[in-house]
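Structure file start_14.txt; described as compact mmCIF, C-alpha atoms.
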# COMPACT_ATOMS: atom_id res chain seq x y z
CA MET A 13 0.00 0.00 0.00
CA LYS A 14 2.86 2.38 0.82
CA ASP A 15 4.41 1.94 -2.65
CA HIS A 16 1.05 2.73 -4.23
CA LEU A 17 0.81 5.90 -2.14
CA THR A 18 4.32 7.03 -3.09
CA ASN A 19 3.71 6.26 -6.76
CA THR A 20 0.39 8.13 -6.72
CA LYS A 21 1.96 11.22 -5.14
CA ARG A 22 4.81 11.24 -7.68
CA TRP A 23 2.42 10.61 -10.54
CA ILE A 24 0.20 13.55 -9.54
CA VAL A 25 3.12 15.98 -9.14
CA LYS A 26 4.51 14.86 -12.50
CA LYS A 27 1.12 15.22 -14.22
CA ILE A 28 0.52 18.69 -12.75
CA ALA A 29 3.94 19.81 -14.03
CA GLU A 30 3.27 18.30 -17.47
CA ALA A 31 -0.14 20.00 -17.57
CA PHE A 32 1.39 23.35 -16.63
CA TRP A 33 3.82 23.20 -19.55
CA SER A 34 1.19 21.98 -21.99
CA ASP A 35 -1.23 24.01 -24.10
CA ASN A 36 -4.26 22.73 -22.19
CA PHE A 37 -3.57 23.02 -18.44
CA ARG A 38 -7.22 23.28 -17.37
CA GLN A 39 -8.48 20.22 -19.23
CA LYS A 40 -5.51 18.07 -18.23
CA ILE A 41 -6.00 18.93 -14.55
CA LYS A 42 -9.72 18.19 -14.82
CA ARG A 43 -9.05 14.71 -16.23
CA LEU A 44 -6.40 13.57 -13.72
CA PRO A 45 -8.71 11.56 -11.41
CA PHE A 46 -10.09 9.71 -14.46
CA GLU A 47 -6.66 9.23 -15.98
CA ARG A 48 -5.37 7.68 -12.75
CA ILE A 49 -8.50 5.56 -12.25
CA PRO A 50 -10.10 5.09 -15.68
CA PRO A 51 -13.80 4.42 -16.18
CA GLY A 52 -14.51 0.70 -15.89
CA SER A 53 -11.72 0.17 -13.35
CA ASP A 54 -12.25 -1.86 -10.23
CA ALA A 55 -11.52 -0.46 -6.78
CA LYS A 56 -8.10 -1.62 -5.62
CA TYR A 57 -7.64 0.09 -2.27
CA ARG A 58 -10.99 1.50 -1.15
CA CYS A 59 -14.62 0.48 -1.16
CA CYS A 60 -15.29 1.94 -4.62
CA VAL A 61 -13.67 3.74 -7.54
CA TYR A 62 -15.55 6.92 -6.65
CA LYS A 63 -13.76 7.18 -3.33
CA GLU A 64 -10.45 6.41 -5.00
CA ARG A 65 -11.07 9.20 -7.55
CA ALA A 66 -12.09 11.58 -4.76
CA ILE A 67 -8.76 10.93 -3.06
CA VAL A 68 -6.88 11.59 -6.31
CA ARG A 69 -8.90 14.82 -6.70
CA CYS A 70 -7.85 15.88 -3.18
CA ARG A 71 -4.21 15.12 -3.97
CA VAL A 72 -4.49 17.24 -7.13
CA LEU A 73 -5.94 20.10 -5.05
CA ALA A 74 -3.03 19.84 -2.62
CA GLY A 75 -0.60 19.69 -5.55
CA LEU A 76 -2.11 22.90 -6.91
CA GLY A 77 -1.51 24.53 -3.53
CA PHE A 78 -5.02 24.51 -2.13
CA SER A 79 -6.21 23.41 1.30
CA VAL A 80 -8.22 20.22 1.01
CA GLU A 81 -9.99 21.11 4.27
CA ALA A 82 -11.39 24.28 2.66
CA ASP A 83 -12.74 22.43 -0.41
CA ASP A 84 -16.52 22.50 -0.68
CA GLU A 85 -16.56 19.59 -3.21
CA MET A 86 -18.74 21.72 -5.50
CA THR A 87 -15.82 23.67 -6.93
CA SER A 88 -14.55 21.90 -10.02
CA LEU A 89 -10.94 21.16 -10.81
CA LEU A 90 -11.35 23.59 -13.74
CA GLU A 91 -12.09 26.41 -11.30
CA TYR A 92 -9.18 25.40 -9.07
CA SER A 93 -6.83 25.30 -12.04
CA ASP A 94 -7.93 28.82 -13.07
CA ALA A 95 -7.38 30.09 -9.53
CA ALA A 96 -3.96 28.43 -9.37
CA LEU A 97 -2.85 30.19 -12.56
CA LYS A 98 -4.11 33.59 -11.36
CA ARG A 99 -2.66 33.67 -7.87
CA ARG A 100 0.81 34.95 -7.13
CA GLN A 101 1.33 33.29 -3.77
CA ILE A 102 0.00 30.24 -1.98
CA GLU A 103 -2.35 31.20 0.82
CA GLY A 104 -3.15 29.10 3.84
CA PRO A 105 -1.28 26.29 5.54
CA PRO A 106 1.68 24.64 3.78
CA LEU A 107 0.31 21.19 4.68
CA THR A 108 -3.15 19.81 4.21
CA ILE A 109 -4.90 16.70 5.50
CA ILE A 110 -6.77 14.44 3.09
CA ASP A 111 -9.43 13.34 5.54
CA ILE A 112 -11.43 11.35 3.00
CA ALA A 113 -8.48 8.99 2.53
CA CYS A 114 -9.02 7.68 6.07
CA LYS A 115 -12.63 8.56 6.79
CA GLY A 116 -14.75 5.47 7.08
CA CYS A 117 -11.84 3.07 7.12
CA VAL A 118 -12.66 0.00 9.14
CA ASN A 119 -10.03 -0.64 11.80
CA ALA A 120 -10.58 -4.35 11.65
CA ARG A 121 -10.29 -7.49 9.63
CA TYR A 122 -13.36 -9.65 9.30
CA TYR A 123 -13.60 -13.30 10.21
CA VAL A 124 -16.39 -15.84 9.93
CA THR A 125 -17.98 -16.78 13.25
CA GLU A 126 -18.97 -20.27 14.34
CA LEU A 127 -22.60 -19.33 13.55
CA CYS A 128 -21.92 -19.78 9.82
CA GLN A 129 -24.11 -22.62 8.62
CA GLY A 130 -22.95 -22.63 5.02
CA CYS A 131 -26.43 -21.62 3.89
CA LEU A 132 -27.48 -22.22 0.30
CA ALA A 133 -28.26 -18.55 -0.40
CA ARG A 134 -24.69 -17.58 0.55
CA PRO A 135 -25.43 -13.88 1.07
CA CYS A 136 -21.89 -13.22 2.28
CA GLU A 137 -20.41 -14.58 -0.95
CA THR A 138 -22.87 -12.80 -3.24
CA VAL A 139 -22.55 -9.34 -1.65
CA CYS A 140 -18.75 -9.24 -1.64
CA PRO A 141 -17.65 -6.97 -4.53
CA PHE A 142 -14.04 -8.18 -4.22
CA LYS A 143 -14.77 -11.94 -4.44
CA ALA A 144 -13.01 -12.38 -1.09
CA ILE A 145 -15.52 -14.86 0.33
CA SER A 146 -15.92 -18.46 -0.74
CA VAL A 147 -17.69 -21.42 0.81
CA LYS A 148 -15.49 -24.44 1.46
CA GLY A 149 -16.33 -27.45 3.54
CA GLY A 150 -19.75 -26.07 4.38
CA HIS A 151 -18.44 -22.79 5.89
CA SER A 152 -17.52 -19.38 4.52
CA LYS A 153 -13.87 -18.46 4.27
CA ILE A 154 -12.52 -14.92 3.85
CA ASP A 155 -9.42 -14.38 1.73
CA LYS A 156 -7.64 -11.65 3.71
CA ASP A 157 -5.59 -10.62 0.67
CA LYS A 158 -8.74 -9.83 -1.33
CA CYS A 159 -10.83 -8.39 1.55
CA LYS A 160 -11.02 -4.58 1.56
CA ASN A 161 -13.02 -4.34 4.81
CA CYS A 162 -16.00 -2.77 3.07
CA GLY A 163 -18.38 -4.27 5.65
CA ASN A 164 -20.84 -5.81 3.17
CA ALA A 165 -20.34 -9.30 4.57
CA ARG A 166 -21.00 -8.09 8.10
CA LYS A 167 -24.36 -6.72 7.06
CA HIS A 168 -25.43 -9.95 5.37
CA ALA A 169 -23.80 -12.87 7.16
CA HIS A 170 -22.23 -14.22 10.32
CA THR A 171 -19.00 -12.26 10.25
CA MET A 172 -17.43 -10.07 12.89
CA PRO A 173 -14.64 -7.52 12.91
CA LEU A 174 -11.39 -8.75 14.40
CA GLN A 175 -9.88 -5.71 16.10
CA LYS A 176 -6.29 -4.80 15.27
Mind turning this structure into structure tokens?
Amino acid sequence: MKDHLTNTKRWIVKKIAEAFWSDNFRQKIKRLPFERIPPGSDAKYRCCVYKERAIVRCRVLAGLGFSVEADDEMTSLLEYSDAALKRRQIEGPPLTIIDIACKGCVNARYYVTELCQGCLARPCETVCPFKAISVKGGHSKIDKDKCKNCGNARKHAHTMPLQK
């Protein structure tokens, strides 16, 4: 996960610099979240691609010198890119916190309880968007490498969070 974070930060800084020296700064900035996580992609690190794109958007804002905390989410990246080109000096704090990157994270790993009866409907298996749950030997098993802690299985089956 750390390598992904480092690569994403470098990628965003590089893309902002490339956009600045291009003929179409505004449009290139606007497209960065979709360039990093293209339409049709699957979520790799969060519950959904929308949250992953929102985090990229926040990183772009920070890279443009804006406070993520002050973002109202209604202001487009086009407007931010215009403001970045017009200003002469960065205002506000030199560091910003990307709260959405951690907000809602589950501080647990899920495990299947002894109440699992290996039911035929298999709601835990069918609701998992990451295909992390399979039924073997009459009981559900969670593949911890595939599980993203989205909580869907907890809502629909006999699973519990295992606190860190």
Requested in this report: Could you check which of A:Met86, A:Leu76, A:Ala113, A:Ala29 is closest to A:Glu64, using all atoms listed in the file?
Outcome: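 Among the listed residues, A:Ala113 lies closest to A:Glu64.
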Report task. Between A:Gly52, A:Phe46, A:Phe32, A:Val124, single out the one closest to A:Leu97, counting all atoms listed in the file. Result ->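 So, comparing all the options, the nearest one is A:Phe32.
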Query - 12 Å contact set for A:Glu85, all atoms listed in the file, chain neighbours under 2 positions out, as number ranges by chain - result: A: 66-67, 69-70, 73, 79-83, 87-89, 91-92, 112
Query raised in the report: What is the atom CA of A:Lys42 to atom CA of A:Val61 distance in Å?
Result: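 Between these atoms lies a distance of 16.7 Å.
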Requested in this report: May I ask which of the residues A:Ala31, A:Ile24, A:Cys60, A:Ala74 is the closest one to A:Pro105, counting all atoms listed in the file?
Outcome: A:Ala74
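Nearest residue to A:Ile28 among A:Lys63, A:Ser93, A:Leu107, A:Tyr123 is A:Ser93, counting all atoms listed in the file.
The coordinates place atom CA of A:Ser34 at 14.5 Å from atom CA of A:Asp94.
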**Report entry** Length of the atom CA of A:Arg48 to atom CA of A:Trp33 vector [Å]
**Finding:**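 Computing it gives 19.3 Å between the two atoms.
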**Report entry** Nearest residue to A:Cys162 from the set A:Tyr62, A:Phe37, A:Trp23, A:Tyr57 (distances using all atoms listed in the file)
**Finding:**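 That would be A:Tyr57, the residue with the smallest distance to A:Cys162.
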